[in-house]
Amino acid sequence: MSHATTMSHDDHHDDHPTGLKRWLFTTNHKEIGTLYLIFSLAAFMIGGAMAMVIRAELFVPGLQLVNPEFFNQMTTMHALVMIFGAVMPAFVGLANWMVPLMIGAPDMALPRMNNWSFWILPFAFFLLLMTLFLPSGGPASGWTLYPPLSLQGGTNIAFVIFAIHLMGISSIMGAINIIVTILNMRAPGMTLLRMPLFVWTWLITGFLLIAVMPVLAGAVTMLLTDRFFGTSFFNAAGGGDPVMYQHIFWFFGHPEVYIMILPAFGVISEILPTFSRKPLFGYTSMVYATASIAFLSFIVWAHHMFTVGMPLGANLFFMYATMVIAVPTGVKVFNWVSTMWRGSMTFETPMLFALGFIVLFTIGGFSGLMLAIVPADFQYHDTYFVVAHFHYVLVTGSVFAIMAGVYYWLPKWTGHMYNERLGKIHFWWSTISVNVLFFPQHYLGLAGMPRRIPDYAVQFAEFNMISSIGGFAFGLAQLLFIYIIWQAARGGERATDQVWDGARGLEWTVPSPAPLHTFDTPPKVDDSVTAHADRLV
Amino acid sequence: MAQGQYYVPHTAKWPIVGSIGLFIMMLGAASWLNGAAFGPWLTLAGSVIVLVMIFGWFADVIRESQQGLYNQAVDISFRQGMIWFIFSEVMFFAAFFGALFYARVLSVPWVGGEGTGAMTNELLYPQFDATWPTAGPANLGGGFETIPAFGLPLLNTLILLTSGLTITLAHWALKKAQRGALIGWMIATVVLGIVFLYLQATEYVHAYQDLGLTLGSGIYGSTFFMLTGFHGLHVTLGTIMLIVITLRCMAGHFSKKQHFGWEAVAWYWHFVDVVWLGLFVFVYVL
C-alpha cells in the first residue's frame, strides 16, 4: 500500500516519548498490543509454574511437596491466572495489533481508553497474586468461587473479588474499544462481509464480553455482600440458594468459554487459507456459525451443573441446547478441512499449530459432547475427564491458536522471520507432550479420579505419572517458545512486507515491521485484498 | 465510517493515574473489610486519585473538543462507546434481577416443598412457609414489613418520569439554541434527581428504623437493598453528571449541532429511569 504516506506521517510523531514513559503513556494500538502480549506471556509462565506444582504433587500418590490447602490454592490460582491473565489478554493483544491493520484504521477508536484497559491488568493481577502471601493464603475454592466454600477461606476473598472487578473493568473497556473500532473505523470499501474472519470473531467476542463480564461482577459482588454485609443471596437459611450462585456464575462462565475460543477460530481461519493458498471455504457460513455459537452460549450454562439437582426438564433442555452447538462448530471444522482440500499446502510453523488445533480441538469438542449427555455427566462430573476435556479445548485449542497467531504475525511485528527449525521443534515437542499430559486424564476421569484433589488412590498412579511427565515436557517446551520470540525480536532474516506468499489482506500491505502509524490515510478496499474472495487467488 | 483526520492523542497520562488510583482504592477496601486500620485511609486516598483522574481526563477531552479536534467519526466512536457502556450497566443490573427472579420463582418455592423440593422441605425446613416476601426458613434478621408500592415508591416513579420529561424539554431547548430554557430545564432535572435521592434515603431510614427491613433481612432484604441501592448509586452518579453538564451548559460548551457530552448524560439518565421502572414493577408492586 502507500509506504510513502505512512513514512511521511512518521515525521509528525517525533515527539513520541521513550523509555518507561513510552509504555506507560502510549495510545498506540501496536504498542498496547505488544504490552498485552508480553503481559499474557508472563501470566502464561506464572500460571504454568503453578501447573508444574500441581503436576509435581500428583507425580506419585500420597502427599509429597505441598500441603493440601496450598495445592487447592494452586488449582484455583492456575485457572484464574491462565483464563484472565494469559488467554484473554493474549487475544486482546492480537486484536489490538491486528484489527486496525486488517480493517485499514489509523488506530483503535478510543486510544486513551485502550491504554487504561491494559494498565489496569497488572494491578489487578498484583492484587490477585498477593493473596498467596497473606496469612490465610490465596483462594482455594476453585476458580468458580462457589459459596459457601469460597466464603470460608479467610482474608483473601475480598482481594480476589476486587481483583476480578478490576479485570472485568479492563475487559469491558477493551471489548467496547474493539467493537467500536470495528463498527466505526473500517476503511472505505471494507464492508462487514469483506472483513477478515479474525475481525468478525472479535466483533462477536466483544459483544459476549460486554454482555457477561458485568454479570460476573454482579455475582462476585453478591459473594462480597454475603461474606461481609450480611446478605443471604447464597444462604438457604435466609431464603437464598448456593445453587443460585452457580447459575449466575455460569451465565457468565459459558459465554466466557466462547470468549476464549471464538478469536481462536478467527486466527485459524486466517492462517489456513494462507498456507493452503486457497480462499477460505464458506466464509459467510463461518460468520453465521460464529454468531450462532455466540447466541447458543447464552442458553447452555447449566450443563456445568447437571448434578446439582435441577428439575429433569431443565437438565434435558440444557443437554439438547448444548448438543446443538456441535452443529455450527461442525460447520467450522468442515469449512477448515474444505479450505485445505486440494490446496497447495505448505507446513510452516503457524500452519502446523493450526492443523494441531483442528485435530486436538475437535477431540476436546467430542469429549464436550460426551459431557453434555446428562446421564453420562452424572458419571464424569468433577472427575479428571472434565479436566482433560477443557484442557484440550483451552490448551490445544485457544493456546495453540494463540501460538499459531504469534508465529504467523511475528514477522509483521518484528520485521524478522523467526527460526523456522526451532519453531517446528516447538510445535512437535508441544504437541506430543501435551497429548502425553492430557490424554491419560480422560482415562483417569473415566476410572473415577476426582479433580482438585492432591492425593489419590494407587490405582491411578501410572496415568498420573505419565501425565506429569508430559506436563513437565510441555512446560519446558514453552521456554523454547520464549527463546524463539526473543530471537526474532532481536534480529534474524528480514521479513518481506508480504511475509507469506499466500497471505491476503490489508495487514500484509504495510511494511515489516509495521511502522508505528499505519493507514493514516485510509486504504481503498475491494475484493482483491480480502482473503476470502470468491475467485481463486 | 471514519474518514480523513481521526484524532488520535499521542500520549495519555491519566489512564495510568486511574489504574494506580483504582488499585489503591481496591487494596484499601479489601484491607478495610478485613479490619485493617489503614483500610479506610487507603480507600479514601485511592478514591481521591480516581476523582482527580476523572476530572483531569474529562478536562483534556473537553479542551480537545472545544479546539475542534474531534470530527464526526470521533463523535460516532464516543456515541457507540457510551451505548455499549450503558449496555454493560444493564447487564450488571440483570445479574441482580436474575437473583430476584430465581429466588422468587424457583428456589424459595423449592425450599417450601414445591416441585422437586418436597424432600428438601420435609427434611430440612418442614415448618417453612414459602410466601414472598420472606427472610428464609431461619427468618434471618427477624420479622419485617415491606414498603407499600403505592406510597413513596409511586411518588418516586412519577418524579423520575417527570425528570425524563424535563431533560427532553432541555434537549429541545438546546436544539433551538435557547440557553435560558436549557439551563432552566436542566436545573429542574437536577432538582428532581436530588428529591428522588432524598426520598429514597427517607425510605431507607424508615425501613431500618420502623419496618425492621434491613440488608440482613434474608433474601428479601438482600435483593431489595442491593437492587434499590445500586440503582440509588447510579442515580447519584447521574445527578452529579447532570450537575456537571449543567455547569457546562452555563459555560456555553454546547452548540445546537454538537453536544454529545450532553446527550451521553441524558442517555445515562434515561437508563437509570428505565431501571427504576423495572424496580418499581418487580421489587415494589409484584
# chains A, B, ... in the order shown; residues from 1 in each chain; ligands from 1
>>> residues_around(residues="segment 386-393 of chain A", least_positions_apart="2", cutoff="8 Å", atoms="only C-alpha atoms", output="PDB file with N, CA, C and O atoms, in the first residue's frame")
ATOM      1  N   ILE A 261     -12.520 -18.944  22.837  1.00  0.00           N
ATOM      2  CA  ILE A 261     -12.296 -19.787  21.664  1.00  0.00           C
ATOM      3  C   ILE A 261     -12.690 -19.099  20.355  1.00  0.00           C
ATOM      4  O   ILE A 261     -12.091 -19.384  19.320  1.00  0.00           O
ATOM      5  N   LEU A 360      -6.835 -31.456  17.552  1.00  0.00           N
ATOM      6  CA  LEU A 360      -6.920 -31.606  19.006  1.00  0.00           C
ATOM      7  C   LEU A 360      -8.125 -30.872  19.582  1.00  0.00           C
ATOM      8  O   LEU A 360      -8.766 -31.354  20.518  1.00  0.00           O
ATOM      9  N   PHE A 361      -8.451 -29.702  19.011  1.00  0.00           N
ATOM     10  CA  PHE A 361      -9.654 -29.009  19.470  1.00  0.00           C
ATOM     11  C   PHE A 361     -10.883 -29.873  19.206  1.00  0.00           C
ATOM     12  O   PHE A 361     -11.812 -29.920  20.004  1.00  0.00           O
ATOM     13  N   THR A 362     -10.881 -30.564  18.077  1.00  0.00           N
ATOM     14  CA  THR A 362     -12.020 -31.427  17.764  1.00  0.00           C
ATOM     15  C   THR A 362     -12.141 -32.559  18.787  1.00  0.00           C
ATOM     16  O   THR A 362     -13.243 -32.918  19.187  1.00  0.00           O
ATOM     17  N   ILE A 363     -11.000 -33.087  19.228  1.00  0.00           N
ATOM     18  CA  ILE A 363     -11.060 -34.094  20.298  1.00  0.00           C
ATOM     19  C   ILE A 363     -11.719 -33.488  21.542  1.00  0.00           C
ATOM     20  O   ILE A 363     -12.608 -34.093  22.153  1.00  0.00           O
ATOM     21  N   GLY A 364     -11.304 -32.272  21.878  1.00  0.00           N
ATOM     22  CA  GLY A 364     -11.922 -31.583  23.022  1.00  0.00           C
ATOM     23  C   GLY A 364     -13.403 -31.356  22.803  1.00  0.00           C
ATOM     24  O   GLY A 364     -14.201 -31.432  23.738  1.00  0.00           O
ATOM     25  N   GLY A 365     -13.781 -31.089  21.555  1.00  0.00           N
ATOM     26  CA  GLY A 365     -15.191 -30.902  21.246  1.00  0.00           C
ATOM     27  C   GLY A 365     -15.982 -32.182  21.449  1.00  0.00           C
ATOM     28  O   GLY A 365     -17.087 -32.173  21.989  1.00  0.00           O
ATOM     29  N   SER A 367     -15.199 -34.749  23.465  1.00  0.00           N
ATOM     30  CA  SER A 367     -15.371 -35.067  24.887  1.00  0.00           C
ATOM     31  C   SER A 367     -16.398 -34.112  25.499  1.00  0.00           C
ATOM     32  O   SER A 367     -17.098 -34.472  26.454  1.00  0.00           O
ATOM     33  N   GLY A 368     -16.519 -32.908  24.921  1.00  0.00           N
ATOM     34  CA  GLY A 368     -17.560 -31.987  25.375  1.00  0.00           C
ATOM     35  C   GLY A 368     -18.944 -32.541  25.085  1.00  0.00           C
ATOM     36  O   GLY A 368     -19.859 -32.423  25.908  1.00  0.00           O
ATOM     37  N   LEU A 371     -19.740 -35.016  27.672  1.00  0.00           N
ATOM     38  CA  LEU A 371     -20.115 -34.386  28.942  1.00  0.00           C
ATOM     39  C   LEU A 371     -21.504 -33.779  28.878  1.00  0.00           C
ATOM     40  O   LEU A 371     -22.155 -33.588  29.907  1.00  0.00           O
ATOM     41  N   TYR A 380     -19.246 -38.478  34.860  1.00  0.00           N
ATOM     42  CA  TYR A 380     -17.988 -37.751  34.600  1.00  0.00           C
ATOM     43  C   TYR A 380     -17.808 -36.531  35.497  1.00  0.00           C
ATOM     44  O   TYR A 380     -16.702 -36.040  35.645  1.00  0.00           O
ATOM     45  N   HIS A 381     -18.925 -36.013  36.021  1.00  0.00           N
ATOM     46  CA  HIS A 381     -18.861 -34.702  36.670  1.00  0.00           C
ATOM     47  C   HIS A 381     -17.785 -34.647  37.750  1.00  0.00           C
ATOM     48  O   HIS A 381     -17.669 -35.550  38.562  1.00  0.00           O
ATOM     49  N   ASP A 382     -17.000 -33.532  37.710  1.00  0.00           N
ATOM     50  CA  ASP A 382     -15.953 -33.311  38.716  1.00  0.00           C
ATOM     51  C   ASP A 382     -14.896 -34.409  38.737  1.00  0.00           C
ATOM     52  O   ASP A 382     -14.258 -34.643  39.755  1.00  0.00           O
ATOM     53  N   THR A 383     -14.705 -35.089  37.597  1.00  0.00           N
ATOM     54  CA  THR A 383     -13.591 -36.029  37.509  1.00  0.00           C
ATOM     55  C   THR A 383     -12.528 -35.445  36.583  1.00  0.00           C
ATOM     56  O   THR A 383     -12.723 -34.387  35.981  1.00  0.00           O
ATOM     57  N   TYR A 384     -11.427 -36.191  36.443  1.00  0.00           N
ATOM     58  CA  TYR A 384     -10.372 -35.745  35.541  1.00  0.00           C
ATOM     59  C   TYR A 384     -10.804 -35.761  34.089  1.00  0.00           C
ATOM     60  O   TYR A 384     -10.142 -35.166  33.240  1.00  0.00           O
ATOM     61  N   VAL A 395      -6.012 -25.540  25.953  1.00  0.00           N
ATOM     62  CA  VAL A 395      -4.574 -25.547  25.661  1.00  0.00           C
ATOM     63  C   VAL A 395      -4.343 -25.866  24.187  1.00  0.00           C
ATOM     64  O   VAL A 395      -3.779 -25.067  23.448  1.00  0.00           O
ATOM     65  N   THR A 396      -4.829 -27.031  23.744  1.00  0.00           N
ATOM     66  CA  THR A 396      -4.614 -27.335  22.327  1.00  0.00           C
ATOM     67  C   THR A 396      -5.602 -26.584  21.454  1.00  0.00           C
ATOM     68  O   THR A 396      -5.483 -26.583  20.239  1.00  0.00           O
ATOM     69  N   GLY A 397      -6.577 -25.932  22.064  1.00  0.00           N
ATOM     70  CA  GLY A 397      -7.473 -25.053  21.326  1.00  0.00           C
ATOM     71  C   GLY A 397      -6.960 -23.625  21.375  1.00  0.00           C
ATOM     72  O   GLY A 397      -6.180 -23.196  20.528  1.00  0.00           O
ATOM     73  N   SER A 398      -7.368 -22.901  22.405  1.00  0.00           N
ATOM     74  CA  SER A 398      -7.031 -21.468  22.478  1.00  0.00           C
ATOM     75  C   SER A 398      -5.533 -21.208  22.440  1.00  0.00           C
ATOM     76  O   SER A 398      -5.056 -20.375  21.664  1.00  0.00           O
ATOM     77  N   PHE A 438      -2.396 -34.624  28.692  1.00  0.00           N
ATOM     78  CA  PHE A 438      -3.841 -34.575  28.918  1.00  0.00           C
ATOM     79  C   PHE A 438      -4.591 -35.833  28.488  1.00  0.00           C
ATOM     80  O   PHE A 438      -5.664 -36.096  29.004  1.00  0.00           O
ATOM     81  N   PHE A 439      -4.058 -36.595  27.529  1.00  0.00           N
ATOM     82  CA  PHE A 439      -4.868 -37.721  27.083  1.00  0.00           C
ATOM     83  C   PHE A 439      -5.110 -38.750  28.192  1.00  0.00           C
ATOM     84  O   PHE A 439      -6.242 -39.210  28.368  1.00  0.00           O
ATOM     85  N   GLN A 441      -5.549 -38.266  31.157  1.00  0.00           N
ATOM     86  CA  GLN A 441      -6.517 -37.757  32.130  1.00  0.00           C
ATOM     87  C   GLN A 441      -7.943 -38.176  31.771  1.00  0.00           C
ATOM     88  O   GLN A 441      -8.796 -38.270  32.647  1.00  0.00           O
ATOM     89  N   HIS A 442      -8.212 -38.427  30.489  1.00  0.00           N
ATOM     90  CA  HIS A 442      -9.517 -38.984  30.131  1.00  0.00           C
ATOM     91  C   HIS A 442      -9.746 -40.307  30.870  1.00  0.00           C
ATOM     92  O   HIS A 442     -10.794 -40.536  31.457  1.00  0.00           O
ATOM     93  N   GLY A 445     -10.276 -39.934  34.556  1.00  0.00           N
ATOM     94  CA  GLY A 445     -11.621 -39.457  34.866  1.00  0.00           C
ATOM     95  C   GLY A 445     -12.651 -40.562  34.721  1.00  0.00           C
ATOM     96  O   GLY A 445     -13.521 -40.732  35.579  1.00  0.00           O
ATOM     97  N   ARG A 451     -11.318 -34.430  40.442  1.00  0.00           N
ATOM     98  CA  ARG A 451     -10.418 -33.298  40.223  1.00  0.00           C
ATOM     99  C   ARG A 451     -10.207 -32.542  41.533  1.00  0.00           C
ATOM    100  O   ARG A 451     -10.911 -32.775  42.517  1.00  0.00           O
TER     101      ARG A 451
END
>>> select_by_dssp(residues="segment 124-270 of chain A", states="alpha helix (DSSP H)", output="ChimeraX atom specification")
/A:124-129,156-184,197-228,242-259,262-270
>>> residues_around(residues="Gly141 of chain B", least_positions_apart="2", cutoff="9 Å", atoms="only C-alpha atoms", output="ChimeraX atom specification")
/A:238 /B:135,138-139,143-144,212-218,221
>>> write_last_selection(atoms="N, CA, C and O atoms", output="PDB file, in the first residue's frame")
ATOM      1  N   GLY A 238     -31.495 -18.025  54.880  1.00  0.00           N
ATOM      2  CA  GLY A 238     -32.129 -16.717  54.670  1.00  0.00           C
ATOM      3  C   GLY A 238     -33.019 -16.698  53.439  1.00  0.00           C
ATOM      4  O   GLY A 238     -33.445 -15.630  52.997  1.00  0.00           O
TER       5      GLY A 238
ATOM      6  N   ALA B 135     -37.775 -13.942  54.729  1.00  0.00           N
ATOM      7  CA  ALA B 135     -36.396 -13.843  55.177  1.00  0.00           C
ATOM      8  C   ALA B 135     -35.820 -15.237  55.339  1.00  0.00           C
ATOM      9  O   ALA B 135     -34.840 -15.450  56.039  1.00  0.00           O
ATOM     10  N   ALA B 138     -34.920 -19.613  58.338  1.00  0.00           N
ATOM     11  CA  ALA B 138     -34.420 -19.210  59.660  1.00  0.00           C
ATOM     12  C   ALA B 138     -34.877 -17.808  60.030  1.00  0.00           C
ATOM     13  O   ALA B 138     -34.514 -17.286  61.080  1.00  0.00           O
ATOM     14  N   ASN B 139     -35.667 -17.180  59.125  1.00  0.00           N
ATOM     15  CA  ASN B 139     -36.149 -15.821  59.355  1.00  0.00           C
ATOM     16  C   ASN B 139     -35.009 -14.894  59.769  1.00  0.00           C
ATOM     17  O   ASN B 139     -35.085 -14.187  60.773  1.00  0.00           O
ATOM     18  N   GLY B 143     -38.458 -10.426  61.993  1.00  0.00           N
ATOM     19  CA  GLY B 143     -39.628 -10.049  61.211  1.00  0.00           C
ATOM     20  C   GLY B 143     -39.474  -8.659  60.609  1.00  0.00           C
ATOM     21  O   GLY B 143     -38.777  -7.803  61.148  1.00  0.00           O
ATOM     22  N   PHE B 144     -40.101  -8.456  59.467  1.00  0.00           N
ATOM     23  CA  PHE B 144     -40.028  -7.135  58.824  1.00  0.00           C
ATOM     24  C   PHE B 144     -41.310  -6.893  58.056  1.00  0.00           C
ATOM     25  O   PHE B 144     -42.068  -7.814  57.750  1.00  0.00           O
ATOM     26  N   GLY B 212     -38.146  -2.728  60.325  1.00  0.00           N
ATOM     27  CA  GLY B 212     -37.287  -3.874  60.604  1.00  0.00           C
ATOM     28  C   GLY B 212     -36.712  -4.493  59.343  1.00  0.00           C
ATOM     29  O   GLY B 212     -36.183  -5.600  59.357  1.00  0.00           O
ATOM     30  N   LEU B 213     -36.835  -3.765  58.231  1.00  0.00           N
ATOM     31  CA  LEU B 213     -36.321  -4.273  56.959  1.00  0.00           C
ATOM     32  C   LEU B 213     -34.890  -3.784  56.763  1.00  0.00           C
ATOM     33  O   LEU B 213     -34.645  -2.573  56.659  1.00  0.00           O
ATOM     34  N   THR B 214     -33.931  -4.740  56.759  1.00  0.00           N
ATOM     35  CA  THR B 214     -32.528  -4.364  56.601  1.00  0.00           C
ATOM     36  C   THR B 214     -31.899  -5.218  55.519  1.00  0.00           C
ATOM     37  O   THR B 214     -32.525  -6.137  54.992  1.00  0.00           O
ATOM     38  N   LEU B 215     -30.631  -4.900  55.235  1.00  0.00           N
ATOM     39  CA  LEU B 215     -29.864  -5.697  54.262  1.00  0.00           C
ATOM     40  C   LEU B 215     -29.785  -7.146  54.716  1.00  0.00           C
ATOM     41  O   LEU B 215     -29.688  -8.062  53.904  1.00  0.00           O
ATOM     42  N   GLY B 216     -29.863  -7.357  56.028  1.00  0.00           N
ATOM     43  CA  GLY B 216     -29.754  -8.708  56.561  1.00  0.00           C
ATOM     44  C   GLY B 216     -31.085  -9.450  56.651  1.00  0.00           C
ATOM     45  O   GLY B 216     -31.138 -10.550  57.197  1.00  0.00           O
ATOM     46  N   SER B 217     -32.175  -8.845  56.126  1.00  0.00           N
ATOM     47  CA  SER B 217     -33.488  -9.490  56.223  1.00  0.00           C
ATOM     48  C   SER B 217     -33.650 -10.575  55.169  1.00  0.00           C
ATOM     49  O   SER B 217     -34.523 -10.510  54.299  1.00  0.00           O
ATOM     50  N   GLY B 218     -32.803 -11.577  55.238  1.00  0.00           N
ATOM     51  CA  GLY B 218     -32.925 -12.713  54.327  1.00  0.00           C
ATOM     52  C   GLY B 218     -32.848 -12.296  52.873  1.00  0.00           C
ATOM     53  O   GLY B 218     -32.312 -11.242  52.528  1.00  0.00           O
ATOM     54  N   GLY B 221     -34.558  -8.835  51.940  1.00  0.00           N
ATOM     55  CA  GLY B 221     -33.725  -7.672  52.260  1.00  0.00           C
ATOM     56  C   GLY B 221     -32.527  -7.576  51.322  1.00  0.00           C
ATOM     57  O   GLY B 221     -32.157  -6.489  50.866  1.00  0.00           O
TER      58      GLY B 221
END
>>> residues_around(residues="Glu420 of chain A", least_positions_apart="4", cutoff="12 Å", atoms="only C-alpha atoms", output="number ranges by chain")
A: 347-352, 407-408, 410-411, 416, 424-427, 481, 484-485, 487-488, 492-493
>>> atom_distance(atom1="atom CA of Ile46 of chain A", atom2="atom CA of Thr27 of chain A")
27.2 Å
>>> residues_around(residues="Leu316 of chain A", least_positions_apart="3", cutoff="12 Å", atoms="only C-alpha atoms", output="list in words")
Val300, Ala302, His303, Phe306, Met310, Pro311, Leu312, Gly313, Met319, Tyr320, Ala321, Thr322, Met323, Ala372, Ile373, Val374 and Pro375 of chain A
>>> residues_around(residues="Leu41 of chain A", least_positions_apart="6", cutoff="12 Å", atoms="only C-alpha atoms", output="compact mmCIF listing (two decimals) with all heavy atoms, in the first residue's frame")
# COMPACT_ATOMS: atom_id res chain seq x y z
N THR A 34 1.47 -4.99 21.96
CA THR A 34 2.70 -5.63 22.45
C THR A 34 2.66 -5.79 23.96
O THR A 34 3.02 -6.84 24.49
CB THR A 34 3.91 -4.78 22.03
OG1 THR A 34 3.89 -4.63 20.61
CG2 THR A 34 5.22 -5.44 22.44
N LEU A 35 2.20 -4.74 24.65
CA LEU A 35 2.11 -4.83 26.12
C LEU A 35 1.20 -5.99 26.53
O LEU A 35 1.55 -6.78 27.40
CB LEU A 35 1.56 -3.52 26.70
CG LEU A 35 2.51 -2.32 26.73
CD1 LEU A 35 1.75 -1.06 27.12
CD2 LEU A 35 3.65 -2.58 27.71
N GLY A 47 1.20 -18.89 35.54
CA GLY A 47 0.17 -19.93 35.63
C GLY A 47 0.76 -21.29 35.34
O GLY A 47 0.37 -22.30 35.94
N GLY A 48 1.73 -21.33 34.41
CA GLY A 48 2.39 -22.58 34.08
C GLY A 48 3.19 -23.11 35.25
O GLY A 48 3.18 -24.32 35.53
N VAL A 81 -5.30 -17.26 36.74
CA VAL A 81 -4.19 -16.61 36.02
C VAL A 81 -4.23 -16.97 34.54
O VAL A 81 -4.07 -16.11 33.67
CB VAL A 81 -2.83 -17.01 36.65
CG1 VAL A 81 -1.68 -16.56 35.77
CG2 VAL A 81 -2.70 -16.41 38.04
N MET A 82 -4.49 -18.23 34.23
CA MET A 82 -4.48 -18.64 32.83
C MET A 82 -5.66 -18.04 32.06
O MET A 82 -5.50 -17.60 30.92
CB MET A 82 -4.53 -20.17 32.72
CG MET A 82 -3.22 -20.83 33.08
SD MET A 82 -1.86 -20.22 32.04
CE MET A 82 -0.66 -21.53 32.21
N GLY A 85 -5.47 -13.93 32.82
CA GLY A 85 -4.16 -13.31 32.62
C GLY A 85 -3.48 -13.73 31.34
O GLY A 85 -2.79 -12.93 30.72
N ALA A 86 -3.65 -15.00 30.95
CA ALA A 86 -2.91 -15.48 29.79
C ALA A 86 -3.79 -15.47 28.53
O ALA A 86 -3.48 -14.78 27.56
CB ALA A 86 -2.37 -16.89 30.05
N VAL A 87 -4.90 -16.21 28.54
CA VAL A 87 -5.64 -16.40 27.28
C VAL A 87 -6.38 -15.13 26.87
O VAL A 87 -6.22 -14.65 25.73
CB VAL A 87 -6.62 -17.59 27.41
CG1 VAL A 87 -7.50 -17.69 26.18
CG2 VAL A 87 -5.85 -18.89 27.60
N MET A 88 -7.17 -14.55 27.78
CA MET A 88 -7.93 -13.36 27.37
C MET A 88 -7.04 -12.20 26.94
O MET A 88 -7.24 -11.64 25.87
CB MET A 88 -8.92 -12.95 28.46
CG MET A 88 -10.10 -13.93 28.59
SD MET A 88 -11.06 -13.67 30.08
CE MET A 88 -11.84 -12.09 29.72
N PRO A 89 -6.03 -11.82 27.73
CA PRO A 89 -5.17 -10.72 27.28
C PRO A 89 -4.41 -11.05 25.99
O PRO A 89 -4.14 -10.14 25.20
CB PRO A 89 -4.19 -10.51 28.44
CG PRO A 89 -4.92 -11.02 29.62
CD PRO A 89 -5.71 -12.19 29.12
N ALA A 90 -4.08 -12.33 25.76
CA ALA A 90 -3.40 -12.66 24.51
C ALA A 90 -4.29 -12.32 23.32
O ALA A 90 -3.84 -11.72 22.34
CB ALA A 90 -3.02 -14.14 24.49
N PHE A 91 -5.56 -12.68 23.41
CA PHE A 91 -6.45 -12.39 22.28
C PHE A 91 -6.72 -10.89 22.16
O PHE A 91 -6.85 -10.37 21.05
CB PHE A 91 -7.76 -13.17 22.42
CG PHE A 91 -7.63 -14.61 22.01
CD1 PHE A 91 -7.99 -15.64 22.87
CD2 PHE A 91 -7.13 -14.94 20.76
CE1 PHE A 91 -7.86 -16.97 22.48
CE2 PHE A 91 -6.99 -16.26 20.37
CZ PHE A 91 -7.35 -17.28 21.23
N GLY A 93 -4.57 -8.67 22.93
CA GLY A 93 -3.32 -8.16 22.33
C GLY A 93 -3.31 -8.39 20.83
O GLY A 93 -2.95 -7.49 20.06
N VAL A 399 -4.77 -21.92 23.29
CA VAL A 399 -3.34 -21.60 23.39
C VAL A 399 -2.62 -21.96 22.09
O VAL A 399 -1.77 -21.19 21.62
CB VAL A 399 -2.71 -22.31 24.60
CG1 VAL A 399 -1.20 -22.13 24.62
CG2 VAL A 399 -3.31 -21.79 25.90
N ILE A 402 -3.30 -19.21 19.71
CA ILE A 402 -2.52 -18.02 20.04
C ILE A 402 -1.09 -18.20 19.52
O ILE A 402 -0.51 -17.30 18.90
CB ILE A 402 -2.52 -17.75 21.56
CG1 ILE A 402 -3.92 -17.34 22.01
CG2 ILE A 402 -1.51 -16.68 21.91
CD1 ILE A 402 -4.13 -17.45 23.51
N MET A 403 -0.53 -19.39 19.76
CA MET A 403 0.83 -19.63 19.28
C MET A 403 0.88 -19.58 17.76
O MET A 403 1.81 -18.99 17.18
CB MET A 403 1.32 -20.99 19.79
CG MET A 403 1.64 -20.97 21.27
SD MET A 403 1.98 -22.62 21.87
CE MET A 403 2.42 -22.23 23.57
N VAL A 406 0.86 -16.03 16.85
CA VAL A 406 2.14 -15.36 17.15
C VAL A 406 3.16 -15.69 16.06
O VAL A 406 3.82 -14.79 15.53
CB VAL A 406 2.65 -15.78 18.54
CG1 VAL A 406 4.10 -15.34 18.74
CG2 VAL A 406 1.78 -15.16 19.63
N GLN A 478 7.77 -24.55 26.40
CA GLN A 478 7.37 -23.15 26.31
C GLN A 478 8.54 -22.21 26.57
O GLN A 478 8.50 -21.04 26.18
CB GLN A 478 6.19 -22.85 27.24
CG GLN A 478 5.00 -23.78 27.04
CD GLN A 478 4.80 -24.22 25.60
OE1 GLN A 478 4.81 -23.39 24.67
NE2 GLN A 478 4.64 -25.52 25.39
N LEU A 479 9.58 -22.72 27.24
CA LEU A 479 10.79 -21.89 27.37
C LEU A 479 11.41 -21.70 25.99
O LEU A 479 11.93 -20.62 25.67
CB LEU A 479 11.78 -22.55 28.34
CG LEU A 479 11.24 -22.73 29.76
CD1 LEU A 479 12.29 -23.41 30.65
CD2 LEU A 479 10.83 -21.39 30.38
N PHE A 481 9.69 -21.56 23.28
CA PHE A 481 8.81 -20.57 22.64
C PHE A 481 9.29 -19.15 22.97
O PHE A 481 9.43 -18.31 22.08
CB PHE A 481 7.38 -20.80 23.14
CG PHE A 481 6.33 -19.91 22.52
CD1 PHE A 481 6.29 -19.70 21.16
CD2 PHE A 481 5.37 -19.30 23.33
CE1 PHE A 481 5.30 -18.88 20.59
CE2 PHE A 481 4.38 -18.49 22.77
CZ PHE A 481 4.36 -18.28 21.40
N ILE A 482 9.57 -18.92 24.25
CA ILE A 482 10.05 -17.59 24.65
C ILE A 482 11.36 -17.27 23.95
O ILE A 482 11.56 -16.15 23.45
CB ILE A 482 10.22 -17.53 26.18
CG1 ILE A 482 8.86 -17.61 26.84
CG2 ILE A 482 10.94 -16.25 26.59
CD1 ILE A 482 8.91 -17.53 28.33
N TYR A 483 12.26 -18.27 23.87
CA TYR A 483 13.54 -18.05 23.23
C TYR A 483 13.35 -17.68 21.75
O TYR A 483 13.99 -16.75 21.25
CB TYR A 483 14.44 -19.28 23.36
CG TYR A 483 15.73 -19.15 22.58
CD1 TYR A 483 16.74 -18.30 23.03
CD2 TYR A 483 15.91 -19.84 21.39
CE1 TYR A 483 17.91 -18.15 22.31
CE2 TYR A 483 17.07 -19.70 20.65
CZ TYR A 483 18.08 -18.85 21.12
OH TYR A 483 19.24 -18.68 20.40
N ILE A 485 10.76 -16.27 20.32
CA ILE A 485 10.21 -14.90 20.20
C ILE A 485 11.31 -13.87 20.45
O ILE A 485 11.46 -12.90 19.71
CB ILE A 485 9.05 -14.70 21.21
CG1 ILE A 485 7.88 -15.61 20.85
CG2 ILE A 485 8.61 -13.25 21.25
CD1 ILE A 485 6.80 -15.65 21.91
N TRP A 486 12.10 -14.13 21.49
CA TRP A 486 13.17 -13.20 21.85
C TRP A 486 14.17 -13.07 20.71
O TRP A 486 14.59 -11.96 20.35
CB TRP A 486 13.85 -13.72 23.14
CG TRP A 486 14.97 -12.89 23.64
CD1 TRP A 486 14.86 -11.68 24.28
CD2 TRP A 486 16.36 -13.19 23.58
NE1 TRP A 486 16.10 -11.22 24.61
CE2 TRP A 486 17.04 -12.13 24.19
CE3 TRP A 486 17.09 -14.27 23.07
CZ2 TRP A 486 18.43 -12.10 24.30
CZ3 TRP A 486 18.46 -14.24 23.18
CH2 TRP A 486 19.13 -13.17 23.79
>>> residues_around(residues="Ala29 of chain B", least_positions_apart="3", cutoff="6 Å", atoms="only C-alpha atoms", output="list of chain:residue names")
B:Met26, B:Trp32, B:Gly39, B:Thr43
>>> closest_residue(among="A:Val308, A:Met45, A:Leu58, A:Ile268", to="chain B", atoms="only C-alpha atoms")
A:Val308
